[in-house]
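See below for the structure under consideration.
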Amino acid sequence: MSLELTLIVPGDPAQRTGGYLYDARIVAELKAQGWSVKVIGLDGDFPLADARAREHMNQALESLADGARVVIDGLALGGAPEVLDTHASRLDLTALVHHPLTDETGLPENFQRQLLDSERKALAPCRRIIVTSAFTARRLGELELCHQDPVVIEPGVDPAGLAEAVANRLQGRNTDSIENLLCVASLTPRKGQDVLVEALAGLKNRRWHCVLAGSDQRDPEFAGRVRALIREHGLEARIELTGELGQEQLQARYHHASMCIVPSHYEGYGMVVTEALARGLPLLSTTGGALADTVPEQAALIIPPGDVDAMRSALVNWLDDSALRHRLTRQAVAARDRLSRWPESGKRFAEALIS
């Protein structure tokens with residue numbers, strides 16, 4: 001059996017967001033298993049594909065031989081159903097859905113309906129659907145986006161050493177130091193950094209420093225809003241915006257953090273959760289989307305999404321209660337051993353493709 005695959009994604013495949021990182025790691029694991037994988041990044045605008053995006057998608061599919069295996073990332077797939085219909089009968093099409101397009105935070109209602117209709121049509125001709133969480137599988141059913149059972153393949157994580165603050169806390173060192181809070185996410189409305197800034201604005205009398213690590217180019221308007229809030233509250237010296245970081249730079253930020261904060265309104269999985277736990281970092285997380293499933297309660301402070309008061313209260317508890325910090329840290333370290341690894345995710349992905 002030929003182990004060949006074409007993966008189609010929107011835009012530059014090297015983007016460092018959760019969805020693109022998932023795609024890249026699956027590609028790496030498939031190659032390690034002997035697969036030949038070609039990755040095509042499409043030009044044009046998404047998620048509702050413009051003329052250039054549809055043209056490039058058509059060209060990519062047209063170039064493939066009959067029977068070729070193709071995985072299309074949901075952000076590229078959902079807006080071009082008419083292109084898929086043209087090629088579905090001769091290609092082995094798989095949809096990779098990170099979360100339904102209509103669930104993106106802040107979309108106008110008419111745009112949500114348009115995305116829902118487009119994605120439903122695009123998923124219909126796909127031979128199989130792979131999703132990154134059980135939550136997304138359930139959500140596809142709730143929205144009646146597909147009439148088959150999706151295959152759930154969660155992200156894996158690489159083994160990592162304990163964060164410096166975690167190791168110190170376990171050994172009783174530096175317990176009175178400044179708390180280094182880390183939030184890893186692109187600056188977009190769905191990620192909720194504005195809620196975090198508003199919550200921190202009421203805690204100027206406590207010892208903390210916060211890093212917001214993530215691209216400020218995906219939604220420049222929202223990024224500008226976050227910057228304005230930081231200036232408005234006089235927090236320029238205490239909240240650091242790094243922009244998008246490379247792998248080594250991001251690893252350094254994890255290493256120097258003492259807690260990871262996930263203020264998202266919604267996540268299809270939330271890979272930052274497992275990245276934090278791999279380093280023994282406790283979490284402050286919302287219950288938005290799949291986070292209600294993926295965040296271990298015993299290793300986290302959990303709050304509703306979009307609730308500034310609840311976020312501030314949780315931060316007060318963390319900053320003021322050393323016993324709580326120690327307890328959650330021990331539980332986060334214990335959770336490391338239960339994390340799934342990327343080779344297992346890649347193996348399951350390969351099995352799904354040949355089923």
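Chains: A, B, ... in order of the structure tokens. Residues: from 1 per chain. Ligands: from 1, in order shown.
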
Skipping near chain neighbours, those fewer than 4 positions away, what residues fall within 9 Å of stretch 60-69 of chain A using only C-alpha atoms, listed as a PDB file with C-alpha atoms, in the first residue's frame?
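Resulting contents of selection.pdb:
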```
ATOM      1  CA  LEU A   3       1.937   5.683   1.974  1.00  0.00           C
ATOM      2  CA  GLU A   4       1.589   9.030   0.234  1.00  0.00           C
ATOM      3  CA  LEU A   5      -0.334  12.051   1.431  1.00  0.00           C
ATOM      4  CA  THR A   6      -0.981  15.645   0.441  1.00  0.00           C
ATOM      5  CA  LEU A   7      -1.874  18.073   3.230  1.00  0.00           C
ATOM      6  CA  ILE A   8      -3.519  21.362   2.257  1.00  0.00           C
ATOM      7  CA  ILE A  40       0.585  22.848   0.172  1.00  0.00           C
ATOM      8  CA  LEU A  42      -2.920  28.064  -0.227  1.00  0.00           C
ATOM      9  CA  GLU A  55      -8.478  28.912  -7.694  1.00  0.00           C
ATOM     10  CA  HIS A  56      -5.416  27.716  -5.796  1.00  0.00           C
ATOM     11  CA  VAL A  83     -14.247  23.101  -5.396  1.00  0.00           C
ATOM     12  CA  LEU A  84     -14.349  19.935  -3.318  1.00  0.00           C
ATOM     13  CA  HIS A  87     -12.835  16.444  -7.185  1.00  0.00           C
ATOM     14  CA  SER A  89     -15.406  11.424  -6.591  1.00  0.00           C
ATOM     15  CA  ARG A  90     -11.826  10.698  -7.652  1.00  0.00           C
ATOM     16  CA  LEU A  91      -9.815  11.635  -4.524  1.00  0.00           C
ATOM     17  CA  ASP A  92      -9.623  10.179  -1.017  1.00  0.00           C
ATOM     18  CA  LEU A  93     -10.550  13.329   0.916  1.00  0.00           C
ATOM     19  CA  THR A  94     -10.122  13.743   4.677  1.00  0.00           C
ATOM     20  CA  LEU A 353      -6.059   7.492   6.883  1.00  0.00           C
TER      21      LEU A 353
END
```

All alpha helix (DSSP H) residues (DSSP, backbone) inside stretch 186-322 of chain A, as a PyMOL selection string: chain A and resi 193-201+220-232+247-255+271-277+291-294+308-320+322

Keeping only C-alpha atoms, take the residues you just selected and write them out as a compact mmCIF listing (two decimals), in the first residue's frame.
```
# COMPACT_ATOMS: atom_id res chain seq x y z
CA GLN A 193 -6.26 38.55 26.61
CA ASP A 194 -8.36 41.68 27.16
CA VAL A 195 -10.16 39.89 30.02
CA LEU A 196 -6.82 38.97 31.57
CA VAL A 197 -5.50 42.55 31.36
CA GLU A 198 -8.66 43.92 32.99
CA ALA A 199 -8.35 41.35 35.78
CA LEU A 200 -4.69 42.17 36.41
CA ALA A 201 -5.45 45.89 36.49
CA PRO A 220 -4.21 43.95 14.51
CA GLU A 221 -7.34 45.75 15.71
CA PHE A 222 -7.73 43.47 18.73
CA ALA A 223 -3.99 43.58 19.42
CA GLY A 224 -4.22 47.37 19.44
CA ARG A 225 -7.08 47.15 21.91
CA VAL A 226 -5.00 44.99 24.26
CA ARG A 227 -2.10 47.45 24.05
CA ALA A 228 -4.47 50.34 24.76
CA LEU A 229 -5.82 48.58 27.85
CA ILE A 230 -2.30 47.99 29.13
CA ARG A 231 -1.48 51.70 28.68
CA GLU A 232 -4.81 52.79 30.15
CA GLN A 247 10.45 27.52 19.40
CA GLU A 248 13.52 28.15 21.55
CA GLN A 249 12.28 31.56 22.71
CA LEU A 250 8.92 30.10 23.67
CA GLN A 251 10.52 27.24 25.55
CA ALA A 252 12.50 29.79 27.57
CA ARG A 253 9.28 31.59 28.48
CA TYR A 254 7.71 28.36 29.69
CA HIS A 255 10.84 27.57 31.69
CA MET A 271 -2.49 22.72 23.12
CA VAL A 272 -1.04 25.23 25.59
CA VAL A 273 -2.65 23.13 28.34
CA THR A 274 -0.49 20.08 27.68
CA GLU A 275 2.59 22.22 26.95
CA ALA A 276 2.22 23.79 30.39
CA LEU A 277 1.56 20.50 32.17
CA LEU A 291 -11.05 23.39 27.89
CA ALA A 292 -13.85 22.02 30.07
CA ASP A 293 -12.60 18.55 29.03
CA THR A 294 -8.85 19.02 28.61
CA VAL A 308 -13.19 39.56 34.65
CA ASP A 309 -14.24 39.32 38.30
CA ALA A 310 -13.80 35.54 38.39
CA MET A 311 -10.40 35.88 36.72
CA ARG A 312 -9.29 38.50 39.25
CA SER A 313 -10.57 36.43 42.18
CA ALA A 314 -8.71 33.35 40.97
CA LEU A 315 -5.52 35.36 40.57
CA VAL A 316 -5.90 36.73 44.10
CA ASN A 317 -6.23 33.18 45.42
CA TRP A 318 -3.11 32.11 43.54
CA LEU A 319 -1.02 35.13 44.55
CA ASP A 320 -2.08 35.15 48.21
CA SER A 322 1.17 29.68 49.13
```

Polymer residues at most 10 Å from stretch 138-150 of chain A, only C-alpha atoms, same-chain spacing of 3 or more positions, as a ChimeraX atom specification: /A:95-97,99-100,102-103,116-135,153,268,289-290

Dump as a tab-separated table (two decimals), in the first residue's frame, selection limited to N, CA and C atoms:
```tsv
chain	number	residue	atom	x	y	z
A	95	ALA	N	-11.13	15.51	5.98
A	95	ALA	CA	-11.19	16.83	6.61
A	95	ALA	C	-10.53	16.76	7.98
A	96	LEU	N	-9.71	17.75	8.29
A	96	LEU	CA	-9.09	17.87	9.61
A	96	LEU	C	-9.67	19.12	10.27
A	97	VAL	N	-10.56	18.91	11.23
A	97	VAL	CA	-11.31	20.03	11.83
A	97	VAL	C	-10.80	20.28	13.25
A	99	HIS	N	-11.87	23.15	15.02
A	99	HIS	CA	-13.14	23.55	15.63
A	99	HIS	C	-14.02	24.11	14.52
A	100	PRO	N	-15.35	24.06	14.69
A	100	PRO	CA	-16.23	24.58	13.65
A	100	PRO	C	-15.97	26.05	13.38
A	102	THR	N	-17.86	28.41	12.48
A	102	THR	CA	-18.88	29.32	12.98
A	102	THR	C	-18.69	29.66	14.46
A	103	ASP	N	-17.87	28.89	15.17
A	103	ASP	CA	-17.66	29.11	16.61
A	103	ASP	C	-16.61	30.17	16.92
A	116	LEU	N	-21.51	28.34	8.65
A	116	LEU	CA	-22.13	27.07	9.00
A	116	LEU	C	-22.61	26.34	7.76
A	117	ASP	N	-23.27	27.05	6.87
A	117	ASP	CA	-23.78	26.44	5.65
A	117	ASP	C	-22.64	25.98	4.75
A	118	SER	N	-21.62	26.82	4.64
A	118	SER	CA	-20.49	26.49	3.77
A	118	SER	C	-19.72	25.27	4.29
A	119	GLU	N	-19.47	25.23	5.60
A	119	GLU	CA	-18.71	24.11	6.16
A	119	GLU	C	-19.50	22.81	6.08
A	120	ARG	N	-20.81	22.87	6.28
A	120	ARG	CA	-21.65	21.67	6.16
A	120	ARG	C	-21.54	21.08	4.75
A	121	LYS	N	-21.60	21.93	3.75
A	121	LYS	CA	-21.49	21.47	2.36
A	121	LYS	C	-20.09	20.93	2.08
A	122	ALA	N	-19.07	21.55	2.66
A	122	ALA	CA	-17.70	21.13	2.40
A	122	ALA	C	-17.38	19.79	3.04
A	123	LEU	N	-17.96	19.51	4.20
A	123	LEU	CA	-17.68	18.26	4.89
A	123	LEU	C	-18.41	17.07	4.26
A	124	ALA	N	-19.50	17.35	3.59
A	124	ALA	CA	-20.34	16.27	3.06
A	124	ALA	C	-19.59	15.30	2.15
A	125	PRO	N	-18.75	15.75	1.21
A	125	PRO	CA	-18.09	14.79	0.31
A	125	PRO	C	-16.83	14.14	0.86
A	126	CYS	N	-16.44	14.49	2.08
A	126	CYS	CA	-15.20	13.94	2.64
A	126	CYS	C	-15.42	12.50	3.10
A	127	ARG	N	-14.47	11.64	2.80
A	127	ARG	CA	-14.57	10.23	3.16
A	127	ARG	C	-14.48	10.03	4.66
A	128	ARG	N	-13.69	10.86	5.33
A	128	ARG	CA	-13.55	10.77	6.78
A	128	ARG	C	-13.29	12.17	7.34
A	129	ILE	N	-13.60	12.32	8.62
A	129	ILE	CA	-13.37	13.58	9.31
A	129	ILE	C	-12.56	13.29	10.57
A	130	ILE	N	-11.44	13.97	10.71
A	130	ILE	CA	-10.60	13.86	11.89
A	130	ILE	C	-10.73	15.14	12.68
A	131	VAL	N	-10.93	15.02	13.99
A	131	VAL	CA	-11.01	16.19	14.86
A	131	VAL	C	-9.99	16.04	15.98
A	132	THR	N	-9.66	17.17	16.62
A	132	THR	CA	-8.59	17.15	17.61
A	132	THR	C	-9.07	17.03	19.05
A	133	SER	N	-10.38	16.90	19.25
A	133	SER	CA	-10.89	16.70	20.61
A	133	SER	C	-12.26	16.07	20.56
A	134	ALA	N	-12.61	15.39	21.64
A	134	ALA	CA	-13.96	14.83	21.74
A	134	ALA	C	-15.00	15.94	21.77
A	135	PHE	N	-14.63	17.10	22.32
A	135	PHE	CA	-15.55	18.24	22.32
A	135	PHE	C	-15.92	18.64	20.90
A	153	ILE	N	-8.43	12.52	17.32
A	153	ILE	CA	-6.99	12.32	17.51
A	153	ILE	C	-6.45	13.57	18.18
A	268	GLY	N	-10.78	24.63	20.56
A	268	GLY	CA	-11.11	23.33	20.01
A	268	GLY	C	-10.35	22.22	20.71
A	289	GLY	N	-15.24	26.00	25.48
A	289	GLY	CA	-15.11	24.93	24.50
A	289	GLY	C	-14.51	23.68	25.11
A	290	ALA	N	-13.46	23.15	24.44
A	290	ALA	CA	-12.85	21.89	24.88
A	290	ALA	C	-12.08	22.02	26.18
```

Point-to-point distance from atom CA of A:Leu48 to atom CA of A:Ala350, Å rounded to tenths: 29.0 Å

Which residue of A:Glu109, A:Ser2, A:Val152, A:Met259 approaches A:Phe349 most closely, using only C-alpha atoms: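 Answer, going by the shortest atom-to-atom distance: A:Val152.
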
Skipping near chain neighbours, those fewer than 5 positions away, what residues fall within 7 Å of stretch 204-212 of chain A using only C-alpha atoms, listed as a PDB file with N, CA and C atoms, in the first residue's frame?
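Full text of part_18.pdb as output:
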```
ATOM      1  N   ILE A 178       8.502  36.973  42.889  1.00  0.00           N
ATOM      2  CA  ILE A 178       7.438  37.467  42.010  1.00  0.00           C
ATOM      3  C   ILE A 178       6.873  36.307  41.194  1.00  0.00           C
ATOM      4  N   GLU A 179       5.550  36.250  41.070  1.00  0.00           N
ATOM      5  CA  GLU A 179       4.919  35.214  40.265  1.00  0.00           C
ATOM      6  C   GLU A 179       4.980  35.610  38.789  1.00  0.00           C
ATOM      7  N   ASN A 180       5.588  34.753  37.980  1.00  0.00           N
ATOM      8  CA  ASN A 180       5.699  34.989  36.545  1.00  0.00           C
ATOM      9  C   ASN A 180       4.564  34.270  35.830  1.00  0.00           C
ATOM     10  N   LEU A 181       3.583  35.036  35.369  1.00  0.00           N
ATOM     11  CA  LEU A 181       2.391  34.508  34.719  1.00  0.00           C
ATOM     12  C   LEU A 181       2.605  34.493  33.210  1.00  0.00           C
ATOM     13  N   LEU A 182       2.204  33.412  32.566  1.00  0.00           N
ATOM     14  CA  LEU A 182       2.426  33.258  31.130  1.00  0.00           C
ATOM     15  C   LEU A 182       1.116  32.939  30.429  1.00  0.00           C
ATOM     16  N   CYS A 183       0.831  33.677  29.355  1.00  0.00           N
ATOM     17  CA  CYS A 183      -0.321  33.397  28.494  1.00  0.00           C
ATOM     18  C   CYS A 183       0.199  33.251  27.077  1.00  0.00           C
ATOM     19  N   VAL A 184       0.038  32.069  26.482  1.00  0.00           N
ATOM     20  CA  VAL A 184       0.561  31.787  25.141  1.00  0.00           C
ATOM     21  C   VAL A 184      -0.611  31.661  24.173  1.00  0.00           C
ATOM     22  N   ARG A 238       4.615  45.845  33.615  1.00  0.00           N
ATOM     23  CA  ARG A 238       4.267  44.583  34.272  1.00  0.00           C
ATOM     24  C   ARG A 238       3.646  43.560  33.326  1.00  0.00           C
ATOM     25  N   ILE A 239       3.169  44.005  32.168  1.00  0.00           N
ATOM     26  CA  ILE A 239       2.635  43.076  31.158  1.00  0.00           C
ATOM     27  C   ILE A 239       3.472  43.232  29.897  1.00  0.00           C
ATOM     28  N   GLU A 240       4.103  42.164  29.500  1.00  0.00           N
ATOM     29  CA  GLU A 240       5.024  42.167  28.361  1.00  0.00           C
ATOM     30  C   GLU A 240       4.383  41.487  27.152  1.00  0.00           C
ATOM     31  N   LEU A 241       4.351  42.187  26.030  1.00  0.00           N
ATOM     32  CA  LEU A 241       3.867  41.623  24.763  1.00  0.00           C
ATOM     33  C   LEU A 241       5.083  41.229  23.939  1.00  0.00           C
ATOM     34  N   THR A 242       5.239  39.962  23.665  1.00  0.00           N
ATOM     35  CA  THR A 242       6.448  39.488  22.977  1.00  0.00           C
ATOM     36  C   THR A 242       6.292  39.401  21.467  1.00  0.00           C
TER      37      THR A 242
END
```
